[in-house]
file query11.txt (compact mmCIF, C-alpha atoms)
# COMPACT_ATOMS: atom_id res chain seq x y z
CA MET A 253 0.00 0.00 0.00
CA ASN A 254 1.21 3.49 -0.82
CA PRO A 255 2.25 4.89 2.61
CA ALA A 256 0.50 8.15 1.73
CA ALA A 257 -2.85 6.53 0.89
CA ARG A 258 -5.58 9.16 1.36
CA ILE A 259 -8.59 8.26 3.48
CA THR A 260 -11.51 10.67 3.78
CA ILE A 261 -14.09 10.44 6.58
CA ILE A 262 -17.39 12.32 6.37
CA GLY A 263 -18.91 13.33 9.71
CA ALA A 264 -17.83 14.24 13.25
CA GLY A 265 -20.12 12.00 15.32
CA PHE A 266 -19.47 8.68 17.05
CA GLY A 267 -19.04 6.60 13.88
CA ALA A 268 -16.70 9.11 12.25
CA LEU A 269 -14.44 9.62 15.27
CA SER A 270 -14.33 5.89 16.02
CA SER A 271 -13.27 5.39 12.40
CA VAL A 272 -10.36 7.81 12.94
CA LEU A 273 -9.24 5.89 16.05
CA GLU A 274 -9.60 2.47 14.43
CA ILE A 275 -7.72 3.47 11.26
CA ARG A 276 -4.91 5.13 13.22
CA ARG A 277 -4.65 2.11 15.53
CA ARG A 278 -3.91 -0.02 12.48
CA ASP A 279 -1.86 2.40 10.36
CA ALA A 280 0.19 5.40 11.47
CA ASN A 281 1.07 6.56 7.94
CA VAL A 282 -2.13 6.98 5.94
CA GLU A 283 -3.39 10.51 5.38
CA ILE A 284 -6.74 11.09 7.07
CA THR A 285 -9.01 13.99 6.10
CA LEU A 286 -12.25 14.51 8.02
CA ILE A 287 -15.03 16.63 6.52
CA ALA A 288 -17.55 18.20 8.92
CA PRO A 289 -18.95 21.72 9.33
CA ARG A 290 -17.34 22.12 12.78
CA ALA A 291 -14.40 20.51 14.64
CA GLU A 292 -16.73 19.52 17.50
CA LEU A 293 -18.32 16.40 18.92
CA HIS A 294 -21.80 16.95 20.34
CA TYR A 295 -22.36 14.23 22.95
CA LEU A 296 -26.06 13.67 22.34
CA PRO A 297 -26.71 10.70 24.71
CA ALA A 298 -26.50 13.16 27.63
CA ILE A 299 -28.99 15.75 26.29
CA ILE A 300 -31.63 13.83 28.29
CA TRP A 301 -30.14 15.59 31.34
CA ILE A 302 -30.40 19.14 29.97
CA PRO A 303 -34.08 19.74 30.95
CA CYS A 304 -33.41 18.93 34.62
CA GLY A 305 -30.13 20.89 34.72
CA LEU A 306 -27.76 17.92 35.18
CA ARG A 307 -25.97 18.92 31.96
CA THR A 308 -25.40 22.16 30.06
CA ARG A 309 -24.48 22.87 26.45
CA GLU A 310 -20.86 23.61 27.45
CA GLN A 311 -20.43 20.18 29.06
CA LEU A 312 -21.64 18.34 25.95
CA ILE A 313 -19.64 20.07 23.21
CA VAL A 314 -16.14 18.67 22.89
CA PRO A 315 -13.71 20.71 20.72
CA LEU A 316 -11.75 18.29 18.50
CA ALA A 317 -8.71 20.38 17.51
CA ASN A 318 -6.42 18.57 19.99
CA PHE A 319 -7.75 15.15 19.02
CA PHE A 320 -7.20 15.90 15.31
CA LYS A 321 -3.66 17.08 16.07
CA ARG A 322 -2.86 13.90 18.03
CA MET A 323 -4.32 11.69 15.32
CA GLN A 324 -2.75 13.71 12.49
CA VAL A 325 -6.12 14.42 10.91
CA ARG A 326 -6.71 17.28 8.49
CA HIS A 327 -10.11 18.87 9.15
CA VAL A 328 -12.06 20.39 6.27
CA GLY A 329 -14.80 22.67 7.65
CA ALA A 330 -17.51 22.17 5.04
CA GLU A 331 -20.75 20.41 4.17
CA VAL A 332 -20.72 17.58 1.66
CA THR A 333 -22.81 18.15 -1.47
CA GLY A 334 -22.05 15.02 -3.53
CA LEU A 335 -19.51 12.52 -4.91
CA ARG A 336 -17.76 12.12 -8.24
CA ASP A 337 -15.56 9.58 -10.03
CA GLY A 338 -16.94 6.53 -8.23
CA GLY A 339 -16.56 8.21 -4.85
CA ARG A 340 -12.90 9.16 -5.31
CA VAL A 341 -13.81 12.84 -5.21
CA VAL A 342 -16.00 14.34 -2.47
CA GLU A 343 -17.71 17.59 -3.47
CA THR A 344 -18.16 20.08 -0.63
CA THR A 345 -19.29 23.65 -0.06
CA THR A 346 -15.63 24.73 0.02
CA GLY A 347 -14.24 22.66 -2.87
CA GLU A 348 -13.28 19.10 -3.76
CA VAL A 349 -11.47 16.52 -1.63
CA GLY A 350 -9.81 13.54 -3.34
CA ASN A 351 -9.39 10.13 -1.69
CA ASP A 352 -8.26 6.54 -2.19
CA ALA A 353 -10.88 5.28 0.29
CA LEU A 354 -13.95 6.84 1.85
CA VAL A 355 -15.88 6.35 5.11
CA ILE A 356 -19.37 7.88 5.25
CA ALA A 357 -20.45 8.49 8.84
CA SER A 358 -22.59 11.58 8.47
CA GLY A 359 -25.52 10.25 10.50
CA GLY A 360 -29.17 10.10 9.51
CA ARG A 361 -31.88 12.67 8.89
CA PHE A 362 -35.27 12.76 10.58
CA ILE A 363 -38.32 12.39 8.32
CA LYS A 364 -40.28 15.61 8.82
CA LYS A 365 -43.28 14.80 6.60
CA LEU A 366 -46.02 14.55 9.22
CA PRO A 367 -48.40 17.52 8.87
CA GLY A 368 -47.95 20.03 11.69
CA ILE A 369 -44.59 18.57 12.81
CA GLU A 370 -43.44 22.14 13.46
CA HIS A 371 -45.62 21.98 16.59
CA ALA A 372 -43.43 19.21 18.03
CA ILE A 373 -39.85 19.30 19.36
CA THR A 374 -37.54 16.56 18.02
CA PRO A 375 -35.13 16.05 20.95
CA CYS A 376 -32.34 14.17 19.15
CA GLU A 377 -31.89 17.01 16.65
CA GLY A 378 -29.39 18.30 19.16
CA ILE A 379 -28.54 20.40 22.16
CA ALA A 380 -30.74 23.36 21.12
CA ALA A 381 -33.82 21.07 21.05
CA ALA A 382 -33.12 19.84 24.59
CA GLU A 383 -32.66 23.45 25.76
CA LYS A 384 -36.00 24.31 24.21
CA ILE A 385 -37.62 21.48 26.20
CA ARG A 386 -35.93 22.80 29.38
CA ASP A 387 -37.19 26.35 28.79
CA ARG A 388 -40.72 25.23 27.89
CA LEU A 389 -40.95 23.05 31.02
CA ARG A 390 -39.80 25.94 33.24
CA ALA A 391 -42.46 28.23 31.79
CA MET A 392 -45.36 25.75 32.07
CA PRO A 393 -47.60 26.11 35.13
CA GLY A 394 -49.17 22.74 34.30
CA GLY A 395 -50.82 20.90 31.41
CA THR A 396 -50.35 17.84 29.21
CA ILE A 397 -46.97 16.70 27.90
CA ALA A 398 -47.07 14.20 25.03
CA VAL A 399 -43.99 12.09 24.27
CA GLY A 400 -43.75 9.66 21.35
CA PHE A 401 -41.80 8.37 18.40
CA GLY A 402 -42.50 7.02 14.93
CA GLY A 403 -40.63 4.95 12.35
CA ASN A 404 -39.67 4.88 8.71
CA PRO A 405 -42.50 2.97 6.98
CA ASN A 406 -40.04 1.61 4.40
CA GLU A 407 -37.39 0.60 6.93
CA PRO A 408 -38.54 -0.52 10.39
CA GLY A 409 -34.95 -0.44 11.66
CA ALA A 410 -34.49 3.29 11.00
CA VAL A 411 -35.88 4.40 14.33
CA ARG A 412 -34.42 5.72 17.57
CA GLY A 413 -36.96 5.29 20.35
CA GLY A 414 -34.75 4.70 23.42
CA PRO A 415 -34.07 8.39 24.20
CA MET A 416 -37.80 9.13 24.18
CA PHE A 417 -38.36 6.73 27.10
CA GLU A 418 -35.56 8.59 28.90
CA PHE A 419 -37.14 11.99 28.26
CA LEU A 420 -40.51 10.60 29.41
CA PHE A 421 -39.26 9.10 32.68
CA GLY A 422 -36.81 11.98 33.22
CA ILE A 423 -39.55 14.63 32.94
CA ASP A 424 -41.76 12.60 35.28
CA GLU A 425 -38.97 12.45 37.86
CA GLN A 426 -38.05 16.13 37.38
CA LEU A 427 -41.63 17.32 37.95
CA LYS A 428 -41.84 15.18 41.10
CA ARG A 429 -38.62 16.74 42.41
CA GLU A 430 -39.99 20.20 41.69
CA GLY A 431 -43.15 19.32 43.63
CA ARG A 432 -45.49 19.96 40.69
CA ARG A 433 -46.08 16.57 39.08
CA GLU A 434 -49.77 16.59 40.05
CA ARG A 435 -50.32 19.64 37.82
CA PHE A 436 -49.24 17.72 34.71
CA GLU A 437 -50.52 14.80 32.70
CA LEU A 438 -47.93 12.77 30.79
CA VAL A 439 -49.04 10.82 27.72
CA PHE A 440 -46.87 8.40 25.77
CA PHE A 441 -48.02 7.73 22.19
CA ASN A 442 -46.80 5.31 19.53
CA PRO A 443 -48.25 3.66 16.39
CA SER A 444 -47.28 0.23 17.79
CA MET A 445 -49.07 -1.60 20.60
CA GLU A 446 -45.63 -2.74 21.78
CA PRO A 447 -43.30 0.28 21.55
CA GLY A 448 -39.58 -0.36 21.89
CA GLN A 449 -39.68 -3.86 20.39
CA ARG A 450 -36.04 -3.63 19.34
CA LEU A 451 -35.10 -3.62 23.02
CA GLY A 452 -36.80 -7.02 23.27
CA PRO A 453 -40.18 -8.30 24.56
CA LYS A 454 -39.01 -8.26 28.21
CA ALA A 455 -38.05 -4.60 27.92
CA VAL A 456 -41.37 -3.62 26.30
CA LYS A 457 -43.25 -5.29 29.15
CA TYR A 458 -41.06 -3.52 31.70
CA LEU A 459 -41.40 -0.07 30.06
CA LEU A 460 -45.21 -0.28 29.85
CA ALA A 461 -45.39 -1.44 33.49
CA GLU A 462 -43.13 1.46 34.48
CA MET A 463 -45.46 3.93 32.73
CA GLU A 464 -48.44 2.49 34.57
CA LYS A 465 -46.58 2.70 37.88
CA ARG A 466 -45.68 6.34 37.25
CA GLY A 467 -49.23 7.30 36.23
CA ILE A 468 -48.28 7.97 32.61
CA ARG A 469 -51.20 7.55 30.21
CA THR A 470 -50.62 5.65 26.96
CA HIS A 471 -52.14 6.08 23.48
CA LEU A 472 -50.87 3.08 21.51
CA GLY A 473 -51.53 1.22 18.29
CA HIS A 474 -52.83 4.13 16.20
CA LYS A 475 -51.15 5.55 13.13
CA MET A 476 -50.14 9.20 13.42
CA GLN A 477 -52.16 11.66 11.31
CA ARG A 478 -50.94 15.12 12.29
CA PHE A 479 -49.99 17.54 15.02
CA GLU A 480 -51.82 20.78 15.68
CA ALA A 481 -51.02 23.62 18.05
CA GLY A 482 -51.96 21.94 21.34
CA ARG A 483 -53.15 18.62 19.88
CA VAL A 484 -51.95 15.17 18.76
CA VAL A 485 -54.21 13.56 16.15
CA THR A 486 -54.06 9.84 15.33
CA GLU A 487 -56.32 7.45 13.41
CA GLY A 488 -57.57 6.18 16.76
CA GLY A 489 -58.51 9.55 18.21
CA GLU A 490 -56.89 12.75 19.36
CA PHE A 491 -55.83 14.33 22.63
CA ALA A 492 -54.79 17.77 23.86
CA ALA A 493 -51.07 18.43 24.45
CA ASP A 494 -49.42 21.64 25.64
CA LEU A 495 -45.94 20.30 24.84
CA ILE A 496 -45.22 17.63 22.21
CA LEU A 497 -41.92 15.74 22.03
CA PHE A 498 -41.74 13.51 18.97
CA MET A 499 -38.94 11.54 17.34
CA PRO A 500 -39.74 10.70 13.70
CA GLY A 501 -38.17 7.80 11.80
CA MET A 502 -34.85 8.30 10.05
CA THR A 503 -33.70 8.36 6.43
CA GLY A 504 -30.54 9.28 4.51
CA ASN A 505 -28.86 12.69 4.22
CA HIS A 506 -30.04 14.99 1.42
CA TRP A 507 -26.64 14.83 -0.30
CA PHE A 508 -27.02 11.06 -0.85
CA ASP A 509 -29.52 12.02 -3.58
CA GLN A 510 -26.67 13.68 -5.52
CA THR A 511 -24.77 10.36 -5.72
CA GLU A 512 -25.21 7.00 -7.41
CA LEU A 513 -24.69 5.08 -4.17
CA ALA A 514 -26.98 2.09 -3.53
CA ARG A 515 -29.88 2.94 -1.21
CA SER A 516 -32.04 0.83 1.08
CA PRO A 517 -35.87 0.96 0.82
CA GLY A 518 -35.82 3.58 3.59
CA GLY A 519 -33.28 5.84 1.88
CA LEU A 520 -30.15 4.88 3.84
CA LEU A 521 -26.92 3.66 2.19
CA GLN A 522 -27.13 -0.07 1.50
CA ALA A 523 -24.19 -1.81 3.17
CA ASP A 524 -22.90 -5.38 3.01
CA ALA A 525 -21.68 -7.42 6.00
CA GLN A 526 -18.24 -5.78 5.69
CA CYS A 527 -19.77 -2.24 5.96
CA ARG A 528 -18.98 -1.58 2.28
CA VAL A 529 -21.56 0.39 0.32
CA VAL A 530 -22.98 -2.23 -2.06
CA GLY A 531 -21.53 -2.07 -5.57
CA THR A 532 -18.66 0.29 -4.72
CA GLN A 533 -14.93 0.04 -4.25
CA ASN A 534 -13.30 1.41 -1.10
CA ILE A 535 -16.46 3.20 0.09
CA TYR A 536 -17.63 2.24 3.56
CA VAL A 537 -20.54 3.36 5.71
CA VAL A 538 -20.72 3.43 9.51
CA GLY A 539 -23.55 4.22 11.95
CA ASP A 540 -26.91 5.86 11.22
CA SER A 541 -26.09 6.60 7.55
CA GLY A 542 -26.21 2.90 6.66
CA SER A 543 -28.64 0.01 6.37
CA PHE A 544 -26.81 -3.17 7.37
CA PRO A 545 -27.59 -6.87 7.05
CA GLY A 546 -28.50 -8.42 10.40
CA PRO A 547 -31.39 -9.01 12.79
CA GLU A 548 -34.38 -6.68 12.53
CA TRP A 549 -33.70 -5.38 16.05
CA MET A 550 -30.19 -4.09 15.19
CA PRO A 551 -30.00 -0.76 17.03
CA LYS A 552 -29.19 2.73 15.81
CA GLN A 553 -26.87 3.70 18.65
CA ALA A 554 -23.31 4.87 19.28
CA HIS A 555 -22.15 1.45 20.47
CA MET A 556 -23.21 -0.13 17.17
CA ALA A 557 -21.44 2.63 15.21
CA ASP A 558 -18.25 1.90 17.17
CA LEU A 559 -18.44 -1.81 16.26
CA GLN A 560 -19.07 -0.99 12.59
CA ALA A 561 -16.18 1.50 12.56
CA ALA A 562 -13.73 -1.23 13.65
CA ALA A 563 -14.88 -3.55 10.84
CA ALA A 564 -14.84 -0.74 8.26
CA ALA A 565 -11.30 0.32 9.24
CA GLU A 566 -10.00 -3.24 9.01
CA ASN A 567 -11.62 -3.79 5.61
CA LEU A 568 -10.72 -0.41 4.15
CA LEU A 569 -7.01 -0.89 4.92
CA ALA A 570 -7.12 -4.49 3.62
CA GLY A 571 -8.65 -3.24 0.36
CA LEU A 572 -5.92 -0.60 -0.03
CA ARG A 573 -3.33 -3.37 0.39
CA GLY A 574 -4.97 -5.39 -2.36
CA GLN A 575 -6.37 -7.97 0.10
CA THR A 576 -9.96 -9.19 0.29
CA PRO A 577 -11.94 -7.35 3.01
CA SER A 578 -13.45 -10.00 5.31
CA ALA A 579 -14.01 -8.41 8.75
CA THR A 580 -17.59 -8.30 10.02
CA PHE A 581 -19.10 -6.71 13.13
CA LYS A 582 -21.00 -8.27 16.00
CA VAL A 583 -24.54 -7.09 16.63
CA GLU A 584 -25.47 -6.15 20.16
CA LEU A 585 -27.62 -3.63 21.92
CA ILE A 586 -26.50 -2.12 25.21
CA CYS A 587 -28.39 0.76 26.74
CA ILE A 588 -29.18 2.25 30.10
CA ILE A 589 -32.65 3.81 30.13
CA ASP A 590 -32.09 6.64 32.57
CA ALA A 591 -34.57 8.50 34.77
CA ILE A 592 -32.33 11.22 36.30
CA ASP A 593 -31.33 9.33 39.46
CA ARG A 594 -31.61 5.69 38.43
CA GLY A 595 -31.39 3.62 35.27
CA THR A 596 -32.45 0.29 33.80
CA LEU A 597 -29.89 -1.79 31.91
CA VAL A 598 -31.02 -3.48 28.69
CA PHE A 599 -28.71 -5.87 26.81
CA ARG A 600 -29.50 -7.90 23.72
CA ASN A 601 -27.48 -10.00 21.30
CA PRO A 602 -28.51 -12.86 18.95
CA ARG A 603 -28.33 -15.34 21.84
CA ARG A 604 -29.79 -13.59 24.86
CA GLN A 605 -31.81 -10.72 26.23
CA ILE A 606 -31.16 -9.26 29.65
CA ILE A 607 -32.99 -6.52 31.51
CA LEU A 608 -31.76 -5.50 34.95
CA PRO A 609 -34.20 -3.53 37.10
CA SER A 610 -33.91 0.16 37.88
CA SER A 611 -30.95 1.03 40.11
CA ARG A 612 -28.95 4.11 41.12
CA LEU A 613 -25.85 2.16 40.13
CA PHE A 614 -26.84 2.20 36.44
CA HIS A 615 -27.42 5.97 36.46
CA TRP A 616 -23.89 6.46 37.81
CA ALA A 617 -22.55 3.88 35.34
CA LYS A 618 -24.02 5.94 32.48
CA ARG A 619 -22.33 9.08 33.78
CA PHE A 620 -19.03 7.26 34.33
CA PHE A 621 -19.14 5.88 30.77
CA GLU A 622 -19.73 9.39 29.41
CA GLY A 623 -16.57 10.66 31.12
CA LEU A 624 -14.55 7.67 29.95
CA TYR A 625 -15.81 7.92 26.37
CA LEU A 626 -15.17 11.65 26.04
CA ARG A 627 -11.70 11.48 27.55
CA ARG A 628 -10.30 9.98 24.34
CA TYR A 629 -11.43 13.06 22.36
CA ARG A 630 -10.56 15.77 24.87
call {"tool": "encode", "arguments": {"input": "query11.txt", "output": "structure tokens"}}
result
Amino acid sequence: MNPAARITIIGAGFGALSSVLEIRRRDANVEITLIAPRAELHYLPAIIWIPCGLRTREQLIVPLANFFKRMQVRHVGAEVTGLRDGGRVVETTTGEVGNDALVIASGGRFIKKLPGIEHAITPCEGIAAAEKIRDRLRAMPGGTIAVGFGGNPNEPGAVRGGPMFEFLFGIDEQLKREGRRERFELVFFNPSMEPGQRLGPKAVKYLLAEMEKRGIRTHLGHKMQRFEAGRVVTEGGEFAADLILFMPGMTGNHWFDQTELARSPGGLLQADAQCRVVGTQNIYVVGDSGSFPGPEWMPKQAHMADLQAAAAAENLLAGLRGQTPSATFKVELICIIDAIDRGTLVFRNPRRQIILPSSRLFHWAKRFFEGLYLRRYR
């Protein structure tokens, strides 16, 4: 392999930064260029703690200049607009970037087609959305808070529901701490009768029981129709809501449309078991941008992106050496569903499903993991 082989990575989230680490771990000489609008990591798993004040914007934005320097990464501050020459040229808002191999880890995009979606806040859009929830909660004397999520009708796997359970239970706990829970009604809504199926049947049972225990009303099994100012409307009826938190299903980035890359039915990049974009040479996809072969419950979460990044790095470097890429990634789901002071651990792999009941230990484990994870980028 040419020691100066050029590898370009698109994105600055978990999958992209893990790709940098995994490539550098295996090869100290290749040139790495990372394209992202800002040299920052936004640690989104912890935005669940912004409404209650456990986290602030400043704590969740990690500047990456030092990390890039350590890893000898050239940062191009731009947005990607398309690809050319079979992916060997990345077109951006500030010019073209050539490469010998490409990793696409630019995340997914939320489907904002539901009529009236402007009346809902989509929490995982980022830190500003969580701050908006915090400010709205502070200003509310009482009322109904509706929390729900939807999917991508063409790709059941392109959904991220876990954080919505955390916002739901976190808001419940926060209002109790503030001594004003009795002035609010919390409603959880979902088109499925068994929301959170990817976490496993045991977890679904647990989550619904937890809602009942906390006095959270449910509106399940009805397809969403629209949102209005102060109202959630479904095929099975409607209900008033003073604050609506809704996570739509996910699809691919807009710039994918300006390429010839293979797409899944839901609009993501179609990957093979080696994380290669189907039908391409030396183009890999990691994390939420891709649709991967595997069980239908395969999660869209940072841990999965890390596992895919390791396989993609191994295969990308093998391909540059003229070898046959053969590394695959294991599929597992690990999450702690947090409720401000305690959390529930959910683990799933092809062989087993484990759910460990709510404990303060898991809340602190989640916070400890955050510190550990971010240390490598600070």
call {"tool": "closest_residue", "arguments": {"input": "query11.txt", "among": "A:Leu273, A:Ile586, A:Ala268, A:Leu354", "to": "Val529 of chain A", "atoms": "all atoms listed in the file"}}
result
A:Leu354
call {"tool": "atom_distance", "arguments": {"input": "query11.txt", "atom1": "atom CA of Ile275 of chain A", "atom2": "atom CA of Leu312 of chain A"}}
result
25.1 Å
call {"tool": "closest_residue", "arguments": {"input": "query11.txt", "among": "A:Ala357, A:Val332, A:Ala298, A:Leu451", "to": "Leu521 of chain A", "atoms": "all atoms listed in the file"}}
result
A:Ala357
call {"tool": "residues_around", "arguments": {"input": "query11.txt", "residues": "Gly338 of chain A", "least_positions_apart": "6", "cutoff": "12 Å", "atoms": "all atoms listed in the file", "output": "PyMOL selection string"}}
result
chain A and resi 350-354+511-514+529+531-535
call {"tool": "residues_near_point", "arguments": {"input": "query11.txt", "point": "(-21.2, 17.5, 22.9)", "cutoff": "7 Å", "atoms": "only C-alpha atoms", "output": "PyMOL selection string"}}
result
chain A and resi 293-296+311-314
call {"tool": "axis_aligned_box", "arguments": {"input": "query11.txt", "around": "segment 537-555 of chain A", "padding_each_side": "5 Å", "output": "AutoDock Vina command-line options"}}
result
--center_x -27.5 --center_y -1.2 --center_z 13.1 --size_x 23.8 --size_y 25.6 --size_z 24.8
call {"tool": "residues_around", "arguments": {"input": "query11.txt", "residues": "segment 395-401 of chain A", "least_positions_apart": "3", "cutoff": "7 Å", "atoms": "all atoms listed in the file", "output": "VMD selection string"}}
result
chain A and resid 413 416 420 435 to 442 492 to 500
call {"tool": "closest_atom_pairs", "arguments": {"input": "query11.txt", "of": "segment 311-344 of chain A", "to": "segment 283-288 of chain A", "cutoff": "10 Å", "atoms": "only C-alpha atoms", "output": "JSON lines"}}
result
{"residue": "A:Phe320", "atom": "CA", "partner": "A:Leu286", "partner_atom": "CA", "distance": 9.0}
{"residue": "A:Met323", "atom": "CA", "partner": "A:Ile284", "partner_atom": "CA", "distance": 8.6}
{"residue": "A:Gln324", "atom": "CA", "partner": "A:Ile284", "partner_atom": "CA", "distance": 7.2}
{"residue": "A:Val325", "atom": "CA", "partner": "A:Ile284", "partner_atom": "CA", "distance": 5.1}
{"residue": "A:Arg326", "atom": "CA", "partner": "A:Thr285", "partner_atom": "CA", "distance": 4.7}
{"residue": "A:His327", "atom": "CA", "partner": "A:Leu286", "partner_atom": "CA", "distance": 5.0}
{"residue": "A:Val328", "atom": "CA", "partner": "A:Ile287", "partner_atom": "CA", "distance": 4.8}
{"residue": "A:Gly329", "atom": "CA", "partner": "A:Ala288", "partner_atom": "CA", "distance": 5.4}
{"residue": "A:Ala330", "atom": "CA", "partner": "A:Ala288", "partner_atom": "CA", "distance": 5.6}
{"residue": "A:Glu331", "atom": "CA", "partner": "A:Ala288", "partner_atom": "CA", "distance": 6.1}
{"residue": "A:Val332", "atom": "CA", "partner": "A:Ile287", "partner_atom": "CA", "distance": 7.5}
{"residue": "A:Val342", "atom": "CA", "partner": "A:Ile287", "partner_atom": "CA", "distance": 9.3}
{"residue": "A:Thr344", "atom": "CA", "partner": "A:Ile287", "partner_atom": "CA", "distance": 8.5}
call {"tool": "residues_around", "arguments": {"input": "query11.txt", "residues": "segment 538-554 of chain A", "least_positions_apart": "2", "cutoff": "7 Å", "atoms": "only C-alpha atoms", "output": "PyMOL selection string"}}
result
chain A and resi 266-267+356-360+409+412+450+504+516+520-525+527+536+556-558+560-561+583+585
call {"tool": "residues_around", "arguments": {"input": "query11.txt", "residues": "segment 379-389 of chain A", "least_positions_apart": "5", "cutoff": "8 Å", "atoms": "all atoms listed in the file", "output": "MDAnalysis selection string"}}
result
chainID A and resid 294 296 299:300 302:304 309 373:374 495
call {"tool": "residues_around", "arguments": {"input": "query11.txt", "residues": "Arg630 of chain A", "least_positions_apart": "5", "cutoff": "8 Å", "atoms": "only C-alpha atoms", "output": "PDB file with C-alpha atoms, in the coordinates of the input"}}
result
ATOM      1  CA  VAL A 314     -16.140  18.670  22.890  1.00  0.00           C
ATOM      2  CA  PRO A 315     -13.710  20.710  20.720  1.00  0.00           C
ATOM      3  CA  LEU A 316     -11.750  18.290  18.500  1.00  0.00           C
ATOM      4  CA  ASN A 318      -6.420  18.570  19.990  1.00  0.00           C
ATOM      5  CA  PHE A 319      -7.750  15.150  19.020  1.00  0.00           C
TER       6      PHE A 319
END
call {"tool": "atom_distance", "arguments": {"input": "query11.txt", "atom1": "atom CA of Phe620 of chain A", "atom2": "atom CA of Phe421 of chain A"}}
result
20.4 Å
call {"tool": "build_atoms", "arguments": {"input": "query11.txt", "residues": "segment 595-607 of chain A", "atoms": "N, CA, C and O atoms", "output": "PDB file, in the frame of the given file"}}
result
ATOM      1  N   GLY A 595     -31.295   4.083  36.651  1.00  0.00           N
ATOM      2  CA  GLY A 595     -31.390   3.620  35.270  1.00  0.00           C
ATOM      3  C   GLY A 595     -31.671   2.133  35.212  1.00  0.00           C
ATOM      4  O   GLY A 595     -31.450   1.396  36.179  1.00  0.00           O
ATOM      5  N   THR A 596     -32.159   1.701  34.056  1.00  0.00           N
ATOM      6  CA  THR A 596     -32.450   0.290  33.800  1.00  0.00           C
ATOM      7  C   THR A 596     -31.533  -0.184  32.685  1.00  0.00           C
ATOM      8  O   THR A 596     -31.480   0.447  31.627  1.00  0.00           O
ATOM      9  N   LEU A 597     -30.819  -1.275  32.913  1.00  0.00           N
ATOM     10  CA  LEU A 597     -29.890  -1.790  31.910  1.00  0.00           C
ATOM     11  C   LEU A 597     -30.588  -2.793  30.997  1.00  0.00           C
ATOM     12  O   LEU A 597     -31.236  -3.723  31.467  1.00  0.00           O
ATOM     13  N   VAL A 598     -30.469  -2.546  29.681  1.00  0.00           N
ATOM     14  CA  VAL A 598     -31.020  -3.480  28.690  1.00  0.00           C
ATOM     15  C   VAL A 598     -29.867  -3.966  27.810  1.00  0.00           C
ATOM     16  O   VAL A 598     -29.097  -3.158  27.286  1.00  0.00           O
ATOM     17  N   PHE A 599     -29.736  -5.277  27.679  1.00  0.00           N
ATOM     18  CA  PHE A 599     -28.710  -5.870  26.810  1.00  0.00           C
ATOM     19  C   PHE A 599     -29.377  -6.902  25.913  1.00  0.00           C
ATOM     20  O   PHE A 599     -30.235  -7.656  26.345  1.00  0.00           O
ATOM     21  N   ARG A 600     -28.957  -6.898  24.640  1.00  0.00           N
ATOM     22  CA  ARG A 600     -29.500  -7.900  23.720  1.00  0.00           C
ATOM     23  C   ARG A 600     -28.437  -8.250  22.683  1.00  0.00           C
ATOM     24  O   ARG A 600     -27.755  -7.374  22.148  1.00  0.00           O
ATOM     25  N   ASN A 601     -28.280  -9.549  22.432  1.00  0.00           N
ATOM     26  CA  ASN A 601     -27.480 -10.000  21.300  1.00  0.00           C
ATOM     27  C   ASN A 601     -28.239 -11.174  20.674  1.00  0.00           C
ATOM     28  O   ASN A 601     -29.330 -11.520  21.138  1.00  0.00           O
ATOM     29  N   PRO A 602     -27.718 -11.794  19.601  1.00  0.00           N
ATOM     30  CA  PRO A 602     -28.510 -12.860  18.950  1.00  0.00           C
ATOM     31  C   PRO A 602     -28.836 -14.037  19.863  1.00  0.00           C
ATOM     32  O   PRO A 602     -29.748 -14.806  19.579  1.00  0.00           O
ATOM     33  N   ARG A 603     -28.110 -14.174  20.973  1.00  0.00           N
ATOM     34  CA  ARG A 603     -28.330 -15.340  21.840  1.00  0.00           C
ATOM     35  C   ARG A 603     -29.182 -15.048  23.062  1.00  0.00           C
ATOM     36  O   ARG A 603     -29.891 -15.906  23.552  1.00  0.00           O
ATOM     37  N   ARG A 604     -29.057 -13.834  23.600  1.00  0.00           N
ATOM     38  CA  ARG A 604     -29.790 -13.590  24.860  1.00  0.00           C
ATOM     39  C   ARG A 604     -30.297 -12.157  24.980  1.00  0.00           C
ATOM     40  O   ARG A 604     -29.812 -11.262  24.299  1.00  0.00           O
ATOM     41  N   GLN A 605     -31.254 -12.039  25.896  1.00  0.00           N
ATOM     42  CA  GLN A 605     -31.810 -10.720  26.230  1.00  0.00           C
ATOM     43  C   GLN A 605     -31.768 -10.579  27.736  1.00  0.00           C
ATOM     44  O   GLN A 605     -32.197 -11.476  28.456  1.00  0.00           O
ATOM     45  N   ILE A 606     -31.235  -9.457  28.204  1.00  0.00           N
ATOM     46  CA  ILE A 606     -31.160  -9.260  29.650  1.00  0.00           C
ATOM     47  C   ILE A 606     -31.733  -7.883  29.966  1.00  0.00           C
ATOM     48  O   ILE A 606     -31.438  -6.908  29.290  1.00  0.00           O
ATOM     49  N   ILE A 607     -32.552  -7.828  31.009  1.00  0.00           N
ATOM     50  CA  ILE A 607     -32.990  -6.520  31.510  1.00  0.00           C
ATOM     51  C   ILE A 607     -32.800  -6.543  33.022  1.00  0.00           C
ATOM     52  O   ILE A 607     -33.276  -7.446  33.703  1.00  0.00           O
TER      53      ILE A 607
END
